[in-house]
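Before any comments, here is the structure.
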Amino acid sequence: GASGGIGAAVCRNLCESGVEVIGVSRRRPSGWSSPNYRHLVLDLLQRASFTELISAANNMGDAHLRMLIHGAAILHSVPFKEISEGQGADMLKLNLMVPVWLTRGLLPWLESANQAHTVFISSMAGYQFSQKYTGLTIYGLTKSGITGLTEALAAEYAGTSLRFNALALGAVRTAMLEEAFPGYKGGVSPELMAEYISSFSQNAHKVLNGKIIPV
């Protein structure tokens with residue numbers, strides 16, 4: 001999810017911190033560049049994209065995959081009785097199943113690091129006991145699945161070098177939020193949220209594992 005909004009800002013923050021970053025999205029981000037940054041233009045809804053991404057991991061040489069941040073998502077804000085099978089299937093695939101299979105595919109590189117942190121970007125729409133909104137039933141379902149995935153992976157890999165945590169984000173002023181809730185005023189800026197995500201990704205695994213943090 002590195003083409004814009006929070007994802008692109010996270011990539012910039014990490015590069016400024018000296019991290020070597022590989023960003024993945026359907027479109028290349030515009031307006032910035034860094035010697036620490038490499039971008040892969042891939043559509044993760046397409047199976048062939050997984051092969052390309054794994055190939056890129058193979059070409060990292062002696063570098064280790066110390067962080068994996070799952071930020072790609074689709075949000076169709078549609079009443080439950082009106083949502084199409086295609087819209088629901090795309091959200092289930094990109095928001096939930098892509099992180100599942102991508103994490104599994106990259107496990108060899110995560111395990112080769114001294115300690116690796118996988119961060120799943122979830123949402124308050126899928127956070128237990130949080131306020132729910134009309135039109136976000138399937139989206140919220142996918143994000144609830146992400147919280148379960150985070151906890152299950154942390155339990156399965158307890159005692160290893162792998163750490164898994166999730167951030168349940170509230171309102172952030174992105175194009176996706178504006179499209180879902182036209183005219184909504186509020187929320188934090190993508191840049192401020194990206195600073196938090198970048199810091200969390202680099203440091204939180206030292207003390208946290210299997211946690212779902214509302215932000």
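As shown in the structure tokens, the chain order sets the letters A, B, ...; within each chain, residues go from 1, and ligands are also counted from 1 in the order they appear.
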Problem set entry | Residues near A:Leu102, cut-off 12 Å, only C-alpha atoms, skip fewer than 2 positions along chain, as a ChimeraX atom specification | /A:24,44-45,47,49-54,57,68-70,72,93-100,104-110,118,120
Exercise. Counting only C-alpha atoms, what is within 12 Å of A:Lys81, bar same-chain residues fewer than 5 positions away, as a list in words?
Worked result: Gly88, Thr134, Gly135, Leu136, Thr137 and Ile138 of chain A
I'd like a table as a tab-separated table: residues in stretch 92-133 of chain A with an atom no more than 9 Å from stretch 204-213 of chain A, each row giving the shortest atom pair and its distance in Å to one decimal, only C-alpha atoms counted, sorted by chain and rising residue number.
```
residue	atom	partner	partner_atom	distance
A:Gln115	CA	A:His205	CA	8.6
A:Ala116	CA	A:His205	CA	8.1
A:His117	CA	A:His205	CA	6.0
A:Thr118	CA	A:His205	CA	8.7
A:Ser122	CA	A:Ile212	CA	8.5
A:Tyr127	CA	A:Ile212	CA	8.4
```
Keeping N, CA and C atoms, export the residues of the selection given above as a PDB file, in the first residue's frame.
```pdb
ATOM      1  N   GLN A 115      15.793 -10.564  14.386  1.00  0.00           N
ATOM      2  CA  GLN A 115      14.438 -10.417  14.917  1.00  0.00           C
ATOM      3  C   GLN A 115      13.636  -9.636  13.879  1.00  0.00           C
ATOM      4  N   ALA A 116      12.466 -10.146  13.510  1.00  0.00           N
ATOM      5  CA  ALA A 116      11.660  -9.523  12.466  1.00  0.00           C
ATOM      6  C   ALA A 116      10.281  -9.171  13.001  1.00  0.00           C
ATOM      7  N   HIS A 117       9.796  -8.037  12.568  1.00  0.00           N
ATOM      8  CA  HIS A 117       8.522  -7.507  13.055  1.00  0.00           C
ATOM      9  C   HIS A 117       7.549  -7.377  11.888  1.00  0.00           C
ATOM     10  N   THR A 118       6.447  -8.097  11.951  1.00  0.00           N
ATOM     11  CA  THR A 118       5.374  -7.955  10.968  1.00  0.00           C
ATOM     12  C   THR A 118       4.267  -7.117  11.586  1.00  0.00           C
ATOM     13  N   SER A 122      -4.665  -2.596  10.719  1.00  0.00           N
ATOM     14  CA  SER A 122      -6.076  -2.923  10.865  1.00  0.00           C
ATOM     15  C   SER A 122      -6.870  -1.617  10.987  1.00  0.00           C
ATOM     16  N   TYR A 127     -12.286  -3.456  15.270  1.00  0.00           N
ATOM     17  CA  TYR A 127     -11.804  -3.576  16.651  1.00  0.00           C
ATOM     18  C   TYR A 127     -12.963  -3.940  17.565  1.00  0.00           C
TER      19      TYR A 127
END
```
Proximity check stretch 1-65 of chain A to stretch 175-180 of chain A, 12 Å, nearest pairs one decimal Å, only C-alpha atoms, as a tab-separated table:
```
residue	atom	partner	partner_atom	distance
A:Gly1	CA	A:Met176	CA	11.9
A:Ser3	CA	A:Ala175	CA	11.7
A:Gly4	CA	A:Ala175	CA	8.9
A:Gly5	CA	A:Ala175	CA	7.3
A:Ile6	CA	A:Ala175	CA	10.1
```
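The two atoms in question, atom CA of A:Ala166 and atom CA of A:Asp62, are spaced 27.8 Å apart.
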For this session: Extract the full set of strand (DSSP E or B) residues from stretch 30-135 of chain A according to DSSP on the backbone, and format it as a list in words.
Result: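 Of stretch 30-135 of chain A, the ones in strand (DSSP E or B) are Tyr37, Arg38, His39, Leu40, Val41, Met67, Leu68, Ile69, His70, Ala116, His117, Thr118, Val119, Phe120, Ile121, Ser122 and Ser123 of chain A.
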